[in-house]
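J.: Next comes the structure file upload_10.tsv, holding TSV, C-alpha atoms.
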chain	number	residue	atom	x	y	z
A	1	MET	CA	65.51	49.49	61.11
A	2	CYS	CA	62.96	51.03	63.53
A	3	CYS	CA	60.79	52.70	60.89
A	4	THR	CA	59.77	49.63	58.92
A	5	LEU	CA	56.20	48.95	57.90
A	6	ARG	CA	55.89	46.21	60.51
A	7	SER	CA	57.00	48.50	63.32
A	8	VAL	CA	54.59	51.22	62.18
A	9	VAL	CA	51.74	48.69	62.22
A	10	ALA	CA	52.78	47.60	65.73
A	11	PHE	CA	52.72	51.18	67.00
A	12	GLY	CA	49.34	51.70	65.35
A	13	ILE	CA	47.92	48.61	67.08
A	14	ILE	CA	49.22	49.89	70.44
A	15	LEU	CA	47.50	53.21	69.78
A	16	ALA	CA	44.29	51.38	68.87
A	17	VAL	CA	44.43	49.44	72.15
A	18	ILE	CA	44.78	52.73	74.04
A	19	ASP	CA	41.79	54.07	72.11
A	20	ILE	CA	39.79	50.95	73.03
A	21	MET	CA	40.60	51.62	76.68
A	22	HIS	CA	39.49	55.23	76.17
A	23	GLY	CA	36.19	54.04	74.71
A	24	LEU	CA	35.63	51.56	77.54
A	25	VAL	CA	36.36	54.22	80.16
A	26	THR	CA	33.95	56.60	78.42
A	27	ALA	CA	31.16	54.03	78.23
A	28	GLY	CA	31.80	52.91	81.81
A	29	PHE	CA	31.80	56.45	83.20
A	30	TYR	CA	28.53	57.43	81.54
A	31	CYS	CA	26.91	54.10	82.47
A	32	TYR	CA	27.92	54.78	86.06
A	33	GLN	CA	26.44	58.28	85.82
A	34	PHE	CA	23.24	56.85	84.38
A	35	VAL	CA	22.84	54.44	87.30
A	36	MET	CA	23.77	57.01	89.93
A	37	ASP	CA	21.56	59.78	88.53
A	38	THR	CA	18.66	57.41	88.00
A	39	PHE	CA	18.60	55.72	91.41
A	40	TYR	CA	20.81	57.80	93.71
A	41	LEU	CA	20.43	61.38	92.50
A	42	CYS	CA	18.64	62.51	95.66
A	43	PRO	CA	19.82	61.16	99.03
A	44	LEU	CA	17.18	60.31	101.61
A	45	GLU	CA	18.19	63.20	103.86
A	46	MET	CA	17.80	65.80	101.06
A	47	GLU	CA	14.81	68.08	101.15
A	48	VAL	CA	12.09	67.48	98.59
A	49	THR	CA	12.42	70.95	97.06
A	50	LEU	CA	16.17	70.61	96.59
A	51	CYS	CA	15.69	67.13	95.16
A	52	HIS	CA	13.25	68.40	92.55
A	53	ASN	CA	15.60	71.24	91.66
A	54	LYS	CA	18.51	68.84	91.28
A	55	ILE	CA	16.49	66.52	89.06
A	56	TYR	CA	15.42	69.45	86.90
A	57	VAL	CA	19.01	70.67	86.43
A	58	TYR	CA	20.16	67.15	85.60
A	59	GLU	CA	17.44	66.70	82.99
A	60	GLN	CA	18.25	70.05	81.40
A	61	LEU	CA	22.06	69.77	81.28
A	62	PHE	CA	23.26	66.21	81.72
A	63	GLU	CA	20.67	63.60	80.82
A	64	THR	CA	21.10	63.78	77.02
A	65	ARG	CA	24.87	63.83	77.39
A	66	VAL	CA	24.79	60.59	79.38
A	67	TYR	CA	22.97	58.75	76.61
A	68	ILE	CA	25.30	60.16	73.95
A	69	GLY	CA	28.32	59.26	76.11
A	70	ILE	CA	27.32	55.61	76.32
A	71	GLY	CA	26.96	55.42	72.54
A	72	GLU	CA	30.22	57.34	72.15
A	73	GLY	CA	32.15	54.76	74.16
A	74	ILE	CA	30.70	51.82	72.24
A	75	ALA	CA	31.37	53.52	68.88
A	76	GLY	CA	34.94	54.24	69.98
A	77	VAL	CA	35.62	50.54	70.57
A	78	ILE	CA	34.10	49.60	67.19
A	79	PHE	CA	36.17	52.20	65.32
A	80	ALA	CA	39.35	51.09	67.11
A	81	VAL	CA	38.79	47.44	66.10
A	82	PHE	CA	38.11	48.59	62.53
A	83	TYR	CA	41.38	50.57	62.65
A	84	ILE	CA	43.34	47.48	63.73
A	85	LEU	CA	41.91	45.45	60.84
A	86	ALA	CA	42.86	48.21	58.39
A	87	LEU	CA	46.42	48.21	59.73
A	88	VAL	CA	46.78	44.45	59.44
A	89	LYS	CA	45.32	44.43	55.90
A	90	HIS	CA	47.52	47.38	54.86
A	91	LYS	CA	44.58	49.61	53.88
A	92	PRO	CA	45.59	53.26	54.44
A	93	SER	CA	42.29	54.66	53.17
A	94	MET	CA	40.39	52.60	55.74
A	95	THR	CA	42.60	53.73	58.63
A	96	TRP	CA	41.78	57.40	58.05
A	97	VAL	CA	38.08	56.64	58.64
A	98	TRP	CA	38.99	56.64	62.35
A	99	LEU	CA	39.29	60.44	62.17
A	100	MET	CA	35.52	60.70	61.78
A	101	LYS	CA	35.08	59.21	65.24
A	102	SER	CA	37.79	61.40	66.75
A	103	PHE	CA	36.35	64.65	65.37
A	104	ALA	CA	32.87	63.60	66.48
A	105	VAL	CA	34.00	62.89	70.05
A	106	ILE	CA	35.91	66.15	70.34
A	107	SER	CA	33.05	68.17	68.85
A	108	ILE	CA	30.45	66.62	71.17
A	109	ASN	CA	32.56	67.22	74.26
A	110	VAL	CA	33.42	70.79	73.32
A	111	TYR	CA	29.78	71.57	72.59
A	112	TYR	CA	28.51	70.22	75.90
A	113	LEU	CA	31.31	71.77	77.92
A	114	ALA	CA	30.50	75.17	76.41
A	115	SER	CA	26.80	74.55	76.96
A	116	TRP	CA	27.35	73.73	80.63
A	117	LEU	CA	29.47	76.82	81.18
A	118	ILE	CA	26.95	79.08	79.45
A	119	ARG	CA	23.67	77.60	80.68
A	120	ARG	CA	24.72	76.72	84.24
A	121	GLY	CA	24.32	80.31	85.33
A	122	ARG	CA	20.62	80.21	84.53
A	123	TYR	CA	20.03	77.75	87.36
A	124	ASP	CA	21.95	79.48	90.10
A	125	HIS	CA	18.71	80.64	91.66
A	126	ILE	CA	17.65	76.98	91.96
A	127	ASN	CA	20.91	75.55	93.28
A	128	ILE	CA	23.17	78.26	94.62
A	129	GLU	CA	26.10	75.89	95.07
A	130	GLN	CA	27.05	73.51	92.29
A	131	PRO	CA	26.79	69.88	93.48
A	132	GLU	CA	29.93	67.77	93.68
A	133	ASP	CA	28.64	65.19	91.19
A	134	GLU	CA	28.23	67.91	88.54
A	135	LYS	CA	31.85	68.99	89.06
A	136	ILE	CA	33.05	65.40	88.65
A	137	PHE	CA	30.93	65.12	85.51
A	138	ILE	CA	32.54	68.20	83.94
A	139	TYR	CA	36.09	67.29	85.01
A	140	ALA	CA	35.73	63.82	83.52
A	141	ALA	CA	34.46	65.29	80.23
A	142	LYS	CA	37.47	67.63	80.07
A	143	GLY	CA	39.90	64.79	80.78
A	144	LEU	CA	38.39	62.47	78.18
A	145	THR	CA	38.48	65.29	75.62
A	146	LEU	CA	42.17	66.01	76.23
A	147	VAL	CA	43.05	62.32	75.99
A	148	GLN	CA	41.16	62.07	72.68
A	149	ILE	CA	43.06	65.08	71.30
A	150	LEU	CA	46.41	63.48	72.23
A	151	ILE	CA	45.38	60.17	70.64
A	152	MET	CA	44.35	61.99	67.47
A	153	MET	CA	47.71	63.80	67.21
A	154	VAL	CA	49.65	60.54	67.54
A	155	PHE	CA	47.27	58.87	65.11
A	156	CYS	CA	47.92	61.52	62.43
A	157	LEU	CA	51.67	60.97	62.77
A	158	ILE	CA	51.40	57.17	62.58
A	159	GLY	CA	48.79	57.37	59.80
A	160	ALA	CA	51.02	59.55	57.63
A	161	ILE	CA	54.02	57.22	58.04
A	162	PHE	CA	51.86	54.14	57.49
A	163	THR	CA	50.36	55.57	54.28
A	164	TYR	CA	53.81	56.47	52.95
A	165	LYS	CA	55.25	53.03	53.74
A	166	VAL	CA	52.36	51.17	52.12
A	167	CYS	CA	52.53	53.32	48.97
A	168	GLU	CA	56.29	52.79	48.81
A	169	GLU	CA	55.88	49.02	49.15
A	170	ARG	CA	53.19	48.88	46.47
A	171	THR	CA	55.29	50.98	44.08
A	172	ALA	CA	58.26	48.64	44.56
A	173	SER	CA	56.03	45.60	44.00
A	174	ARG	CA	54.66	47.02	40.74
A	175	ARG	CA	58.16	47.85	39.54
A	176	ASN	CA	59.43	44.33	40.30
A	177	LEU	CA	56.41	42.77	38.59
A	178	ARG	CA	56.95	44.92	35.50
A	179	HIS	CA	60.63	43.91	35.29
A	180	ARG	CA	59.75	40.25	35.79
A	181	ARG	CA	57.21	40.27	32.96
A	182	LYS	CA	59.68	42.01	30.68
A	183	TRP	CA	62.42	39.48	31.51
A	184	GLU	CA	60.09	36.50	30.98
A	185	SER	CA	58.97	37.85	27.59
A	186	ASN	CA	62.59	38.26	26.50
A	187	GLU	CA	63.41	34.72	27.56
A	188	ALA	CA	60.41	33.34	25.67
A	189	THR	CA	61.34	35.01	22.33
A	190	ALA	CA	65.14	34.95	22.33
A	191	PRO	CA	66.84	31.70	21.12
A	192	PRO	CA	69.59	30.13	23.20
A	193	LEU	CA	73.02	31.42	22.34
A	194	GLY	CA	75.18	29.13	20.19
A	195	GLN	CA	72.44	26.65	19.32
A	196	TYR	CA	72.48	27.21	15.54
A	197	GLU	CA	76.31	27.40	15.40
A	198	ASP	CA	76.69	24.08	17.20
A	199	GLU	CA	74.17	22.31	14.93
A	200	GLU	CA	75.87	23.67	11.78
A	201	ALA	CA	79.34	22.55	12.91
A	202	GLN	CA	78.09	19.10	13.83
A	203	TYR	CA	76.34	18.78	10.46
A	204	LEU	CA	79.49	19.65	8.49
A	205	ASN	CA	81.68	17.32	10.55
A	206	ASP	CA	79.29	14.44	9.90
A	207	ALA	CA	79.32	15.23	6.18
A	208	LEU	CA	83.13	15.28	5.94
A	209	THR	CA	83.59	12.06	7.86
A	210	ASN	CA	80.85	10.14	6.00
A	211	SER	CA	82.48	7.38	3.98
A	212	GLU	CA	79.73	7.34	1.38
A	213	LYS	CA	80.30	11.04	0.60
A	214	THR	CA	76.65	11.80	1.25
A	215	LEU	CA	75.11	14.21	3.66
A	216	PRO	CA	73.41	12.71	6.72
A	217	ALA	CA	69.75	13.31	7.30
A	218	ARG	CA	68.96	16.16	9.63
A	219	SER	CA	66.48	15.92	12.43
A	220	SER	CA	65.44	19.55	12.20
A	221	LYS	CA	63.92	21.39	9.24
A	222	GLN	CA	66.46	22.84	6.76
A	223	SER	CA	66.31	26.31	5.36
A	224	LEU	CA	66.80	27.05	1.61
A	225	THR	CA	70.38	28.20	2.23
A	226	GLU	CA	71.29	24.95	3.95
A	227	ILE	CA	69.75	22.82	1.15
A	228	SER	CA	71.68	24.76	-1.50
A	229	ARG	CA	74.91	24.37	0.42
A	230	ALA	CA	74.35	20.63	0.76
A	231	ASP	CA	73.75	20.21	-3.00
A	232	THR	CA	76.92	22.09	-3.88
A	233	PHE	CA	78.96	20.00	-1.50
A	234	LYS	CA	77.49	16.78	-2.91
A	235	HIS	CA	78.36	17.67	-6.55
A	236	SER	CA	81.88	18.74	-5.67
A	237	THR	CA	82.67	15.45	-3.96
A	238	GLY	CA	81.19	13.41	-6.79
A	239	VAL	CA	83.71	14.71	-9.41
Take the structure in this file and express it as structure tokens.
T.:
Amino acid sequence: MCCTLRSVVAFGIILAVIDIMHGLVTAGFYCYQFVMDTFYLCPLEMEVTLCHNKIYVYEQLFETRVYIGIGEGIAGVIFAVFYILALVKHKPSMTWVWLMKSFAVISINVYYLASWLIRRGRYDHINIEQPEDEKIFIYAAKGLTLVQILIMMVFCLIGAIFTYKVCEERTASRRNLRHRRKWESNEATAPPLGQYEDEEAQYLNDALTNSEKTLPARSSKQSLTEISRADTFKHSTGV
């Protein structure tokens, strides 16, 4: 059956691996931007005035986002590993913690994309034409955001199935444990069938075949009814 708990866990691990790749790409892209914008933001042939303008625009719009992006990629890898451990340990409540990271990533990207679109017009008088590296920066942010949204949609589907399967398995385990305890308690209190009837028949046969017309000694304790019956039988045979 394709929708077993093991298969759901396998699909969840595959999704977590994809999310790890997403986090590594995010961290790598922003680390690359940090290096390029720190050491290669202004080419040697660029005029000094244009270089200063470009540095100013970068500091106002992109510098903070680069630092947040590096932390975002590292946090994404950590949350994905935590998600894999929760799947293996069958902890549905721990798997849903991953949504915190997903909502945070989407919110940060949407905020900065909106901020770039709104605030970029204020610097048109400094740089009339938007540099190519800024366009790549924005396109990459849009792509990473769309990928994160797709991962979150698949995660919600897998998370719902995983939670249902784990709850179903735990309910079945509790039911089996309850039946087992009930069966063991019945076996501990109920006497074996036919035990008393067999002992009584054997006792009477020994009494009838005894040549001395006396009752044999019993290994088990006798009740008052059995003692009375033995006395009556002894007096009747002595007449």
J.: Hey, can you check how far atom CA of A:Thr145 sits from atom CA of A:Tyr40?
T.: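 Separation of atom CA of A:Thr145 and atom CA of A:Tyr40: 26.4 Å.
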J.: Using Å and a single decimal, report how far atom CA of A:Leu15 sits from atom CA of A:Glu168.
T.: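 Computing the Euclidean distance for atom CA of A:Glu168 and atom CA of A:Leu15 yields 22.7 Å.
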J.: Between A:Leu41, A:Val147, A:Leu157, A:Leu87, which has the minimum distance to A:Tyr56 (counting all atoms listed in the file)?
T.: A:Leu41
J.: With distances taken over all atoms listed in the file, which residue among A:Thr95, A:Ile106, A:Lys101, A:Phe82 lies nearest A:Cys156?
T.: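 The closest residue to A:Cys156 is A:Thr95.
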J.: Could you name the residues that touch A:Arg119 at 12 Å or less, counting only C-alpha atoms, but leaving out those on the same chain fewer than 5 positions away, as a list in words?
T.: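 Residues near the query, excluding close chain neighbours: Val57, Gln60, Leu61, Phe62, Tyr111, Tyr112, Leu113, Ala114 and Asp124 of chain A.
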J.: Quote the spacing between atom CA of A:Pro92 and atom CA of A:Thr163 in Å to one decimal place.
T.: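 Between atom CA of A:Pro92 and atom CA of A:Thr163 the gap is 5.3 Å.
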J.: Show which residues sit within 10 Å of stretch 21-27 of chain A, as a PyMOL selection string. Count only C-alpha atoms, and ignore same-chain residues fewer than 2 positions away.
T.: chain A and resi 15-19+29-33+66-80+140-141+144+147-148+151
J.: Point out the residue among A:Tyr123, A:Met152, A:Tyr83, A:Lys89 with the least atom-to-atom distance to A:Phe103, counting all atoms listed in the file.
T.: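 Selected residue with least distance to A:Phe103: A:Met152.
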J.: I need the residue nearest A:Val105 from this list: A:Ile136, A:Arg65, A:Lys91, A:Ile84. Use all atoms listed in the file for the distance.
T.: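 Closest to A:Val105, using all atoms listed in the file: A:Arg65.
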J.: Contacts of A:Tyr58 at 12 Å or less, counting all atoms listed in the file, minus same-chain residues fewer than 3 places along, as a ChimeraX atom specification?
T.: /A:33-34,36-38,41-42,51-55,61-66,116,120,123,126-127,130-131,133-134,137
J.: So which residues fall inside 9 Å of (45.7, 51.0, 48.0) if we count only C-alpha atoms? Mind giving them as number ranges by chain?
T.: A: 90-93, 166-167, 170
J.: I'd like to know which of A:Ile13, A:Leu44, A:Cys3, A:Val8 is closest to A:Leu85, using all atoms listed in the file.
T.: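 Using all atoms listed in the file, A:Leu85 sits closest to A:Ile13.
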J.: Kindly indicate which residue among A:Ile149, A:Ile158, A:Val35, A:Val48 lies nearest to A:Ser107, using only C-alpha atoms for the distances.
T.: A:Ile149
